[in-house]
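Chemist: Contents of start-v8.txt (compact mmCIF, N, CA and C atoms) are below:
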```
# COMPACT_ATOMS: atom_id res chain seq x y z
N MET A 190 7.70 11.15 15.69
CA MET A 190 6.85 9.98 15.58
C MET A 190 7.52 8.96 14.66
N ALA A 191 7.60 7.73 15.09
CA ALA A 191 8.23 6.68 14.31
C ALA A 191 7.33 6.29 13.15
N ASP A 192 7.97 5.97 12.04
CA ASP A 192 7.25 5.51 10.87
C ASP A 192 6.78 4.09 11.13
N VAL A 193 5.54 3.80 10.90
CA VAL A 193 5.00 2.46 11.11
C VAL A 193 4.61 1.91 9.75
N GLY A 194 4.98 0.69 9.47
CA GLY A 194 4.61 0.05 8.23
C GLY A 194 3.60 -1.04 8.51
N VAL A 195 2.73 -1.28 7.55
CA VAL A 195 1.69 -2.28 7.71
C VAL A 195 1.76 -3.24 6.53
N ARG A 196 1.92 -4.54 6.80
CA ARG A 196 1.88 -5.52 5.72
C ARG A 196 0.42 -5.77 5.41
N ILE A 197 0.06 -5.66 4.12
CA ILE A 197 -1.36 -5.78 3.84
C ILE A 197 -1.77 -6.93 2.93
N VAL A 198 -0.85 -7.52 2.20
CA VAL A 198 -1.27 -8.60 1.30
C VAL A 198 -0.14 -9.61 1.14
N ARG A 199 -0.49 -10.87 1.08
CA ARG A 199 0.48 -11.92 0.79
C ARG A 199 0.02 -12.66 -0.46
N GLY A 200 0.97 -13.12 -1.25
CA GLY A 200 0.69 -14.00 -2.38
C GLY A 200 -0.03 -13.36 -3.54
N MET A 201 0.44 -12.20 -3.98
CA MET A 201 -0.18 -11.55 -5.14
C MET A 201 0.59 -11.84 -6.41
N ALA A 202 1.01 -13.06 -6.64
CA ALA A 202 1.84 -13.39 -7.78
C ALA A 202 1.16 -13.06 -9.10
N ALA A 203 -0.16 -13.08 -9.16
CA ALA A 203 -0.86 -12.79 -10.39
C ALA A 203 -1.18 -11.31 -10.55
N GLY A 204 -0.80 -10.49 -9.60
CA GLY A 204 -1.12 -9.07 -9.63
C GLY A 204 -0.29 -8.29 -10.62
N ALA A 205 -0.56 -7.00 -10.70
CA ALA A 205 0.15 -6.07 -11.57
C ALA A 205 0.11 -6.50 -13.03
N ALA A 206 -0.99 -7.11 -13.43
CA ALA A 206 -1.23 -7.50 -14.81
C ALA A 206 -0.14 -8.41 -15.37
N GLY A 207 0.55 -9.15 -14.51
CA GLY A 207 1.57 -10.08 -14.96
C GLY A 207 2.88 -9.44 -15.36
N LEU A 208 2.96 -8.13 -15.35
CA LEU A 208 4.17 -7.44 -15.76
C LEU A 208 5.24 -7.51 -14.70
N ILE A 209 4.86 -7.27 -13.47
CA ILE A 209 5.79 -7.27 -12.35
C ILE A 209 5.27 -8.26 -11.32
N ARG A 210 6.08 -9.21 -10.94
CA ARG A 210 5.66 -10.18 -9.92
C ARG A 210 5.70 -9.52 -8.56
N ILE A 211 4.56 -9.54 -7.86
CA ILE A 211 4.45 -8.96 -6.53
C ILE A 211 3.96 -10.06 -5.59
N GLU A 212 4.78 -10.38 -4.60
CA GLU A 212 4.43 -11.41 -3.65
C GLU A 212 3.83 -10.85 -2.37
N GLU A 213 4.28 -9.66 -1.96
CA GLU A 213 3.71 -9.02 -0.78
C GLU A 213 3.63 -7.52 -1.02
N VAL A 214 2.64 -6.93 -0.40
CA VAL A 214 2.45 -5.49 -0.49
C VAL A 214 2.50 -4.94 0.92
N TRP A 215 3.25 -3.86 1.10
CA TRP A 215 3.41 -3.22 2.41
C TRP A 215 2.90 -1.79 2.31
N LEU A 216 2.22 -1.35 3.34
CA LEU A 216 1.64 -0.01 3.36
C LEU A 216 2.31 0.79 4.47
N ALA A 217 2.87 1.95 4.13
CA ALA A 217 3.47 2.84 5.13
C ALA A 217 2.38 3.75 5.67
N VAL A 218 2.24 3.80 6.98
CA VAL A 218 1.19 4.59 7.60
C VAL A 218 1.51 6.09 7.56
N ALA A 219 2.77 6.45 7.79
CA ALA A 219 3.17 7.86 7.79
C ALA A 219 3.14 8.41 6.36
N PRO A 220 2.70 9.66 6.17
CA PRO A 220 2.60 10.23 4.83
C PRO A 220 3.98 10.46 4.19
N LEU A 221 4.00 10.47 2.86
CA LEU A 221 5.21 10.73 2.07
C LEU A 221 4.96 11.96 1.23
N ASP A 222 5.96 12.83 1.13
CA ASP A 222 5.89 13.99 0.25
C ASP A 222 5.89 13.47 -1.19
N MET A 223 4.87 13.77 -1.95
CA MET A 223 4.71 13.23 -3.29
C MET A 223 5.72 13.79 -4.29
N ARG A 224 6.53 14.76 -3.88
CA ARG A 224 7.62 15.23 -4.74
C ARG A 224 8.79 14.26 -4.68
N ALA A 225 8.74 13.31 -3.78
CA ALA A 225 9.83 12.34 -3.60
C ALA A 225 10.01 11.51 -4.86
N GLY A 226 11.25 11.34 -5.24
CA GLY A 226 11.59 10.50 -6.38
C GLY A 226 11.93 9.09 -5.93
N THR A 227 12.50 8.33 -6.84
CA THR A 227 12.82 6.94 -6.57
C THR A 227 13.78 6.77 -5.40
N ASP A 228 14.84 7.56 -5.37
CA ASP A 228 15.84 7.42 -4.30
C ASP A 228 15.26 7.77 -2.93
N THR A 229 14.47 8.83 -2.86
CA THR A 229 13.85 9.23 -1.59
C THR A 229 12.84 8.19 -1.14
N ALA A 230 12.03 7.68 -2.06
CA ALA A 230 11.05 6.65 -1.70
C ALA A 230 11.75 5.37 -1.26
N LEU A 231 12.83 5.00 -1.93
CA LEU A 231 13.58 3.82 -1.55
C LEU A 231 14.21 3.99 -0.17
N ALA A 232 14.73 5.18 0.11
CA ALA A 232 15.28 5.46 1.44
C ALA A 232 14.20 5.35 2.51
N ARG A 233 12.97 5.80 2.21
CA ARG A 233 11.87 5.69 3.17
C ARG A 233 11.50 4.23 3.40
N VAL A 234 11.50 3.43 2.32
CA VAL A 234 11.22 1.99 2.46
C VAL A 234 12.23 1.36 3.41
N ILE A 235 13.50 1.66 3.22
CA ILE A 235 14.54 1.06 4.05
C ILE A 235 14.43 1.55 5.49
N SER A 236 14.14 2.84 5.69
CA SER A 236 14.02 3.33 7.06
C SER A 236 12.76 2.82 7.76
N THR A 237 11.70 2.60 7.01
CA THR A 237 10.44 2.14 7.59
C THR A 237 10.41 0.62 7.79
N PHE A 238 10.79 -0.11 6.74
CA PHE A 238 10.65 -1.56 6.75
C PHE A 238 11.96 -2.30 7.00
N GLY A 239 13.08 -1.59 7.00
CA GLY A 239 14.38 -2.20 7.26
C GLY A 239 15.12 -2.62 6.01
N HIS A 240 14.43 -2.88 4.93
CA HIS A 240 15.04 -3.31 3.68
C HIS A 240 13.98 -3.30 2.59
N ALA A 241 14.42 -3.33 1.34
CA ALA A 241 13.51 -3.45 0.21
C ALA A 241 13.71 -4.83 -0.39
N ARG A 242 12.74 -5.68 -0.23
CA ARG A 242 12.84 -7.06 -0.72
C ARG A 242 12.38 -7.16 -2.16
N ALA A 243 13.00 -8.07 -2.89
CA ALA A 243 12.59 -8.32 -4.27
C ALA A 243 11.17 -8.86 -4.30
N HIS A 244 10.41 -8.43 -5.29
CA HIS A 244 9.02 -8.84 -5.52
C HIS A 244 8.08 -8.40 -4.41
N HIS A 245 8.44 -7.31 -3.74
CA HIS A 245 7.57 -6.68 -2.75
C HIS A 245 7.24 -5.28 -3.24
N ALA A 246 6.02 -4.84 -2.96
CA ALA A 246 5.58 -3.48 -3.31
C ALA A 246 5.35 -2.72 -2.02
N TYR A 247 5.69 -1.42 -2.03
CA TYR A 247 5.57 -0.57 -0.86
C TYR A 247 4.70 0.63 -1.24
N LEU A 248 3.58 0.82 -0.51
CA LEU A 248 2.62 1.88 -0.82
C LEU A 248 2.77 3.03 0.16
N PHE A 249 2.69 4.24 -0.38
CA PHE A 249 2.75 5.47 0.41
C PHE A 249 1.64 6.40 -0.06
N ALA A 250 1.10 7.18 0.86
CA ALA A 250 0.12 8.21 0.51
C ALA A 250 0.64 9.54 1.02
N ASN A 251 0.11 10.63 0.43
CA ASN A 251 0.45 11.95 0.95
C ASN A 251 -0.44 12.25 2.15
N LYS A 252 -0.22 13.40 2.77
CA LYS A 252 -0.96 13.76 3.99
C LYS A 252 -2.46 13.87 3.73
N ARG A 253 -2.86 14.37 2.56
CA ARG A 253 -4.28 14.52 2.23
C ARG A 253 -4.90 13.21 1.73
N THR A 254 -4.10 12.20 1.53
CA THR A 254 -4.48 10.86 1.04
C THR A 254 -5.22 10.87 -0.30
N ASN A 255 -4.94 11.87 -1.13
CA ASN A 255 -5.51 11.86 -2.48
C ASN A 255 -4.49 11.42 -3.53
N ARG A 256 -3.25 11.17 -3.10
CA ARG A 256 -2.19 10.68 -3.98
C ARG A 256 -1.50 9.49 -3.33
N MET A 257 -1.06 8.58 -4.18
CA MET A 257 -0.38 7.38 -3.71
C MET A 257 0.83 7.13 -4.58
N LYS A 258 1.91 6.67 -3.98
CA LYS A 258 3.08 6.21 -4.72
C LYS A 258 3.34 4.77 -4.31
N VAL A 259 3.74 3.98 -5.30
CA VAL A 259 4.05 2.57 -5.08
C VAL A 259 5.45 2.31 -5.60
N LEU A 260 6.29 1.80 -4.72
CA LEU A 260 7.65 1.43 -5.10
C LEU A 260 7.73 -0.09 -5.11
N VAL A 261 8.20 -0.65 -6.22
CA VAL A 261 8.32 -2.10 -6.36
C VAL A 261 9.75 -2.44 -6.70
N HIS A 262 10.32 -3.38 -5.95
CA HIS A 262 11.65 -3.92 -6.26
C HIS A 262 11.40 -5.22 -7.01
N ASP A 263 11.78 -5.27 -8.29
CA ASP A 263 11.49 -6.45 -9.11
C ASP A 263 12.62 -7.46 -9.17
N GLY A 264 13.66 -7.25 -8.38
CA GLY A 264 14.80 -8.17 -8.38
C GLY A 264 15.97 -7.65 -9.18
N PHE A 265 15.71 -6.72 -10.11
CA PHE A 265 16.76 -6.13 -10.94
C PHE A 265 16.91 -4.64 -10.68
N GLY A 266 15.83 -4.00 -10.33
CA GLY A 266 15.80 -2.56 -10.10
C GLY A 266 14.50 -2.20 -9.39
N VAL A 267 14.19 -0.92 -9.38
CA VAL A 267 12.97 -0.48 -8.71
C VAL A 267 12.07 0.27 -9.69
N TRP A 268 10.78 0.13 -9.49
CA TRP A 268 9.74 0.84 -10.22
C TRP A 268 9.10 1.80 -9.24
N LEU A 269 8.77 3.00 -9.68
CA LEU A 269 8.02 3.95 -8.86
C LEU A 269 6.82 4.41 -9.66
N CYS A 270 5.65 4.12 -9.15
CA CYS A 270 4.39 4.46 -9.82
C CYS A 270 3.63 5.45 -8.96
N ALA A 271 2.83 6.29 -9.59
CA ALA A 271 2.03 7.27 -8.86
C ALA A 271 0.57 7.15 -9.30
N ARG A 272 -0.33 7.42 -8.36
CA ARG A 272 -1.77 7.44 -8.64
C ARG A 272 -2.37 8.63 -7.92
N ARG A 273 -3.24 9.34 -8.60
CA ARG A 273 -3.91 10.49 -8.01
C ARG A 273 -5.41 10.36 -8.24
N LEU A 274 -6.18 10.59 -7.19
CA LEU A 274 -7.63 10.61 -7.32
C LEU A 274 -8.06 12.04 -7.58
N HIS A 275 -8.95 12.23 -8.54
CA HIS A 275 -9.44 13.58 -8.85
C HIS A 275 -10.42 14.07 -7.80
N ARG A 276 -11.17 13.16 -7.22
CA ARG A 276 -12.10 13.51 -6.14
C ARG A 276 -11.95 12.50 -5.02
N GLY A 277 -12.14 12.98 -3.79
CA GLY A 277 -12.06 12.08 -2.65
C GLY A 277 -10.62 11.74 -2.30
N GLY A 278 -10.46 10.66 -1.55
CA GLY A 278 -9.13 10.24 -1.14
C GLY A 278 -9.10 8.75 -0.87
N PHE A 279 -7.89 8.25 -0.71
CA PHE A 279 -7.70 6.85 -0.37
C PHE A 279 -8.05 6.66 1.10
N ILE A 280 -8.65 5.53 1.41
CA ILE A 280 -8.92 5.18 2.80
C ILE A 280 -7.65 4.50 3.30
N TRP A 281 -6.88 5.20 4.11
CA TRP A 281 -5.56 4.72 4.51
C TRP A 281 -5.61 4.11 5.89
N ALA A 282 -4.76 3.13 6.14
CA ALA A 282 -4.66 2.50 7.46
C ALA A 282 -4.07 3.49 8.45
N GLN A 283 -4.52 3.42 9.67
CA GLN A 283 -4.03 4.29 10.72
C GLN A 283 -3.09 3.52 11.62
N ALA A 284 -2.20 4.23 12.29
CA ALA A 284 -1.19 3.61 13.15
C ALA A 284 -1.81 2.80 14.29
N HIS A 285 -3.01 3.18 14.74
CA HIS A 285 -3.62 2.46 15.87
C HIS A 285 -4.04 1.03 15.50
N LEU A 286 -4.04 0.70 14.20
CA LEU A 286 -4.40 -0.65 13.79
C LEU A 286 -3.29 -1.66 14.05
N GLY A 287 -2.10 -1.17 14.37
CA GLY A 287 -0.97 -2.05 14.66
C GLY A 287 0.08 -2.00 13.58
N THR A 288 1.09 -2.82 13.75
CA THR A 288 2.20 -2.79 12.81
C THR A 288 2.00 -3.74 11.64
N THR A 289 1.15 -4.75 11.77
CA THR A 289 0.86 -5.63 10.64
C THR A 289 -0.65 -5.80 10.52
N LEU A 290 -1.09 -5.88 9.30
CA LEU A 290 -2.51 -6.01 9.01
C LEU A 290 -2.63 -6.78 7.71
N SER A 291 -3.38 -7.84 7.69
CA SER A 291 -3.54 -8.64 6.50
C SER A 291 -4.86 -8.30 5.83
N ILE A 292 -4.81 -8.02 4.53
CA ILE A 292 -6.04 -7.80 3.77
C ILE A 292 -6.00 -8.65 2.52
N THR A 293 -7.15 -8.82 1.90
CA THR A 293 -7.28 -9.67 0.72
C THR A 293 -6.95 -8.88 -0.54
N THR A 294 -6.84 -9.61 -1.64
CA THR A 294 -6.62 -8.98 -2.94
C THR A 294 -7.78 -8.05 -3.28
N GLU A 295 -9.00 -8.45 -2.94
CA GLU A 295 -10.17 -7.62 -3.19
C GLU A 295 -10.09 -6.31 -2.40
N GLN A 296 -9.62 -6.39 -1.16
CA GLN A 296 -9.47 -5.18 -0.36
C GLN A 296 -8.40 -4.26 -0.94
N LEU A 297 -7.31 -4.82 -1.46
CA LEU A 297 -6.28 -3.99 -2.10
C LEU A 297 -6.85 -3.30 -3.33
N ALA A 298 -7.64 -4.03 -4.12
CA ALA A 298 -8.26 -3.43 -5.31
C ALA A 298 -9.18 -2.28 -4.91
N ALA A 299 -9.89 -2.43 -3.81
CA ALA A 299 -10.75 -1.34 -3.32
C ALA A 299 -9.92 -0.16 -2.83
N LEU A 300 -8.82 -0.43 -2.15
CA LEU A 300 -7.95 0.63 -1.63
C LEU A 300 -7.44 1.53 -2.75
N VAL A 301 -6.97 0.95 -3.85
CA VAL A 301 -6.35 1.76 -4.90
C VAL A 301 -7.35 2.60 -5.69
N VAL A 302 -8.64 2.29 -5.59
CA VAL A 302 -9.63 3.14 -6.25
C VAL A 302 -10.34 4.07 -5.28
N GLY A 303 -9.94 4.01 -3.99
CA GLY A 303 -10.49 4.94 -3.01
C GLY A 303 -11.73 4.46 -2.30
N LEU A 304 -12.05 3.18 -2.38
CA LEU A 304 -13.23 2.64 -1.70
C LEU A 304 -12.87 2.20 -0.28
N PRO A 305 -13.85 2.09 0.60
CA PRO A 305 -13.59 1.68 1.99
C PRO A 305 -13.25 0.19 2.07
N TRP A 306 -12.00 -0.14 1.88
CA TRP A 306 -11.54 -1.52 1.82
C TRP A 306 -11.74 -2.28 3.12
N GLN A 307 -11.82 -1.58 4.26
CA GLN A 307 -12.00 -2.25 5.54
C GLN A 307 -13.36 -2.94 5.62
N GLN A 308 -14.34 -2.48 4.84
CA GLN A 308 -15.69 -3.02 4.90
C GLN A 308 -15.92 -4.20 3.96
N ILE A 309 -14.97 -4.48 3.08
CA ILE A 309 -15.14 -5.55 2.10
C ILE A 309 -15.37 -6.89 2.78
N SER A 310 -14.56 -7.26 3.77
CA SER A 310 -14.73 -8.56 4.43
C SER A 310 -16.02 -8.62 5.23
N ASP A 311 -16.46 -7.51 5.80
CA ASP A 311 -17.71 -7.49 6.56
C ASP A 311 -18.91 -7.77 5.69
N LEU A 312 -18.86 -7.40 4.41
CA LEU A 312 -20.00 -7.61 3.52
C LEU A 312 -20.15 -9.08 3.15
N GLN A 313 -19.11 -9.89 3.32
CA GLN A 313 -19.18 -11.29 2.95
C GLN A 313 -19.59 -12.18 4.11
N THR A 314 -19.83 -11.59 5.27
CA THR A 314 -20.16 -12.37 6.47
C THR A 314 -21.55 -11.98 6.98
N ILE A 315 -22.37 -12.97 7.27
CA ILE A 315 -23.67 -12.72 7.89
C ILE A 315 -23.53 -13.07 9.35
N ARG A 316 -23.90 -12.14 10.22
CA ARG A 316 -23.79 -12.35 11.66
C ARG A 316 -25.18 -12.36 12.29
N VAL A 317 -25.34 -13.15 13.32
CA VAL A 317 -26.60 -13.18 14.07
C VAL A 317 -26.63 -11.94 14.94
N ILE A 318 -27.76 -11.24 14.93
CA ILE A 318 -27.90 -10.01 15.73
C ILE A 318 -28.53 -10.33 17.05
```
In structure tokens, write the structure found in this file.
Modeler:
Amino acid sequence: MADVGVRIVRGMAAGAAGLIRIEEVWLAVAPLDMRAGTDTALARVISTFGHARAHHAYLFANKRTNRMKVLVHDGFGVWLCARRLHRGGFIWAQAHLGTTLSITTEQLAALVVGLPWQQISDLQTIRVI
């Protein structure tokens, strides 16, 4: 099965608490072994997305979706961060959603804490029944 990547956010220059400039965030749909280090995660980024661009972040989850790794190329080197949920799991994008998917900063914030980020935009819209 081919690795599918999903672009999920554009223009997050104010993200990451101002420490690391992030302009786009990409989400890999295929799971990553969480034992992977920086070199393995970087190799996955290149094989999935074709290259690692400066000021872009790449998100990976494990098969159980209770752990996430984020690789960021800051223009000088790479950062590898890990997050683990003690209960529950991350709501991860599925391959059937396509190869690109745009979400808001609010949806990304919901994703990293394990909330159903797909429903965030639906809550802001009132539809006639």
Chemist: Compile the contact shell of range 256-266 of chain A as a PDB file with N, CA and C atoms, in the coordinates of the input: residues with an atom at most 6 Å away, counting only C-alpha atoms, same-chain residues fewer than 5 positions apart removed.
Modeler:
```
ATOM      1  N   ALA A 243      13.000  -8.070  -2.890  1.00  0.00           N
ATOM      2  CA  ALA A 243      12.590  -8.320  -4.270  1.00  0.00           C
ATOM      3  C   ALA A 243      11.170  -8.860  -4.300  1.00  0.00           C
ATOM      4  N   HIS A 244      10.410  -8.430  -5.290  1.00  0.00           N
ATOM      5  CA  HIS A 244       9.020  -8.840  -5.520  1.00  0.00           C
ATOM      6  C   HIS A 244       8.080  -8.400  -4.410  1.00  0.00           C
ATOM      7  N   HIS A 245       8.440  -7.310  -3.740  1.00  0.00           N
ATOM      8  CA  HIS A 245       7.570  -6.680  -2.750  1.00  0.00           C
ATOM      9  C   HIS A 245       7.240  -5.280  -3.240  1.00  0.00           C
ATOM     10  N   ALA A 246       6.020  -4.840  -2.960  1.00  0.00           N
ATOM     11  CA  ALA A 246       5.580  -3.480  -3.310  1.00  0.00           C
ATOM     12  C   ALA A 246       5.350  -2.720  -2.020  1.00  0.00           C
ATOM     13  N   TYR A 247       5.690  -1.420  -2.030  1.00  0.00           N
ATOM     14  CA  TYR A 247       5.570  -0.570  -0.860  1.00  0.00           C
ATOM     15  C   TYR A 247       4.700   0.630  -1.240  1.00  0.00           C
ATOM     16  N   LEU A 248       3.580   0.820  -0.510  1.00  0.00           N
ATOM     17  CA  LEU A 248       2.620   1.880  -0.820  1.00  0.00           C
ATOM     18  C   LEU A 248       2.770   3.030   0.160  1.00  0.00           C
ATOM     19  N   PHE A 249       2.690   4.240  -0.380  1.00  0.00           N
ATOM     20  CA  PHE A 249       2.750   5.470   0.410  1.00  0.00           C
ATOM     21  C   PHE A 249       1.640   6.400  -0.060  1.00  0.00           C
ATOM     22  N   ALA A 250       1.100   7.180   0.860  1.00  0.00           N
ATOM     23  CA  ALA A 250       0.120   8.210   0.510  1.00  0.00           C
ATOM     24  C   ALA A 250       0.640   9.540   1.020  1.00  0.00           C
ATOM     25  N   ASN A 251       0.110  10.630   0.430  1.00  0.00           N
ATOM     26  CA  ASN A 251       0.450  11.950   0.950  1.00  0.00           C
ATOM     27  C   ASN A 251      -0.440  12.250   2.150  1.00  0.00           C
ATOM     28  N   ALA A 271       2.830   6.290  -9.590  1.00  0.00           N
ATOM     29  CA  ALA A 271       2.030   7.270  -8.860  1.00  0.00           C
ATOM     30  C   ALA A 271       0.570   7.150  -9.300  1.00  0.00           C
ATOM     31  N   ARG A 272      -0.330   7.420  -8.360  1.00  0.00           N
ATOM     32  CA  ARG A 272      -1.770   7.440  -8.640  1.00  0.00           C
ATOM     33  C   ARG A 272      -2.370   8.630  -7.920  1.00  0.00           C
ATOM     34  N   ARG A 273      -3.240   9.340  -8.600  1.00  0.00           N
ATOM     35  CA  ARG A 273      -3.910  10.490  -8.010  1.00  0.00           C
ATOM     36  C   ARG A 273      -5.410  10.360  -8.240  1.00  0.00           C
TER      37      ARG A 273
END
```
Chemist: Record the distance separating CA of His240 in chain A and CA of Ala282 in chain A, expressed in Å with one decimal.
Modeler: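 Calculated distance between CA of His240 in chain A and CA of Ala282 in chain A is 20.9 Å.
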Chemist: So how far away is CA of Asn255 in chain A from atom C of Leu304 in chain A, in Å?
Modeler: 12.3 Å
Chemist: Could you check how far atom C of Phe279 in chain A sits from CA of Lys252 in chain A, in Å to one decimal?
Modeler: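 Computing it gives 10.4 Å between the two atoms.
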Chemist: Using 3 Å of padding on each side, determine the axis-aligned box around all atoms of range 295-312 of chain A present in the file and give its centre and edge lengths in Å to one decimal, as JSON.
Modeler:
```
{"center_x": -13.2, "center_y": -2.1, "center_z": 0.2, "size_x": 19.9, "size_y": 20.0, "size_z": 18.8}
```
Chemist: Which one of A:Leu221, A:Ala230, A:Val214, A:Val267 sits closest to Arg253 in chain A if you count only N, CA and C atoms?
Modeler: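 Closest candidate: A:Leu221.
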Chemist: Using only N, CA and C atoms, list the residues that have an atom at most 5 Å from (4.6, -10.0, -4.2), coordinates as in the file, as number ranges by chain.
Modeler: A: 201, 210-213, 244-245
Chemist: Which residue gives the smallest distance to Trp268 in chain A among A:Leu216, A:Asp222, A:Thr227, A:Ile280, with only N, CA and C atoms counted?
Modeler: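 The closest residue to Trp268 in chain A is A:Thr227.
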Chemist: At the level of all heavy atoms, write range 219-227 of chain A to a file as a JSON list (two decimals), in the first residue's frame, please.
Modeler:
```json
[["chain", "number", "residue", "atom", "x", "y", "z"],
["A", 219, "ALA", "N", -0.50, 6.80, 6.58],
["A", 219, "ALA", "CA", 0.02, 5.48, 6.98],
["A", 219, "ALA", "C", 0.71, 5.58, 8.34],
["A", 219, "ALA", "O", 1.37, 6.58, 8.64],
["A", 219, "ALA", "CB", 1.00, 4.97, 5.93],
["A", 220, "PRO", "N", 0.56, 4.57, 9.21],
["A", 220, "PRO", "CA", 1.15, 4.62, 10.54],
["A", 220, "PRO", "C", 2.68, 4.56, 10.50],
["A", 220, "PRO", "O", 3.28, 4.03, 9.56],
["A", 220, "PRO", "CB", 0.59, 3.40, 11.25],
["A", 220, "PRO", "CG", 0.10, 2.50, 10.18],
["A", 220, "PRO", "CD", -0.21, 3.35, 8.99],
["A", 221, "LEU", "N", 3.31, 5.11, 11.54],
["A", 221, "LEU", "CA", 4.76, 5.09, 11.71],
["A", 221, "LEU", "C", 5.08, 4.35, 12.99],
["A", 221, "LEU", "O", 4.41, 4.54, 14.02],
["A", 221, "LEU", "CB", 5.31, 6.52, 11.79],
["A", 221, "LEU", "CG", 6.80, 6.69, 12.04],
["A", 221, "LEU", "CD1", 7.60, 6.28, 10.79],
["A", 221, "LEU", "CD2", 7.13, 8.12, 12.43],
["A", 222, "ASP", "N", 6.11, 3.51, 12.96],
["A", 222, "ASP", "CA", 6.59, 2.84, 14.16],
["A", 222, "ASP", "C", 7.18, 3.91, 15.08],
["A", 222, "ASP", "O", 8.08, 4.65, 14.70],
["A", 222, "ASP", "CB", 7.67, 1.82, 13.78],
["A", 222, "ASP", "CG", 8.18, 1.01, 14.96],
["A", 222, "ASP", "OD1", 7.91, 1.37, 16.12],
["A", 222, "ASP", "OD2", 8.88, 0.01, 14.70],
["A", 223, "MET", "N", 6.66, 4.05, 16.28],
["A", 223, "MET", "CA", 7.06, 5.11, 17.18],
["A", 223, "MET", "C", 8.48, 4.92, 17.74],
["A", 223, "MET", "O", 9.01, 5.80, 18.40],
["A", 223, "MET", "CB", 6.06, 5.26, 18.34],
["A", 223, "MET", "CG", 4.74, 5.85, 17.89],
["A", 223, "MET", "SD", 4.89, 7.55, 17.28],
["A", 223, "MET", "CE", 4.35, 7.38, 15.60],
["A", 224, "ARG", "N", 9.12, 3.80, 17.44],
["A", 224, "ARG", "CA", 10.53, 3.64, 17.80],
["A", 224, "ARG", "C", 11.43, 4.39, 16.82],
["A", 224, "ARG", "O", 12.62, 4.53, 17.05],
["A", 224, "ARG", "CB", 10.92, 2.16, 17.82],
["A", 224, "ARG", "CG", 10.16, 1.37, 18.88],
["A", 224, "ARG", "CD", 10.43, -0.09, 18.77],
["A", 224, "ARG", "NE", 9.81, -0.59, 17.52],
["A", 224, "ARG", "CZ", 9.83, -1.85, 17.12],
["A", 224, "ARG", "NH1", 10.44, -2.77, 17.85],
["A", 224, "ARG", "NH2", 9.24, -2.21, 16.00],
["A", 225, "ALA", "N", 10.85, 4.88, 15.74],
["A", 225, "ALA", "CA", 11.62, 5.59, 14.71],
["A", 225, "ALA", "C", 12.24, 6.84, 15.28],
["A", 225, "ALA", "O", 11.61, 7.61, 16.00],
["A", 225, "ALA", "CB", 10.71, 5.95, 13.53],
["A", 226, "GLY", "N", 13.49, 7.05, 14.93],
["A", 226, "GLY", "CA", 14.21, 8.25, 15.33],
["A", 226, "GLY", "C", 14.13, 9.31, 14.25],
["A", 226, "GLY", "O", 13.36, 9.19, 13.28],
["A", 227, "THR", "N", 14.95, 10.33, 14.39],
["A", 227, "THR", "CA", 14.94, 11.45, 13.46],
["A", 227, "THR", "C", 15.23, 11.03, 12.03],
["A", 227, "THR", "O", 14.53, 11.44, 11.10],
["A", 227, "THR", "CB", 15.95, 12.52, 13.92],
["A", 227, "THR", "OG1", 15.68, 12.86, 15.27],
["A", 227, "THR", "CG2", 15.87, 13.76, 13.07]]
```
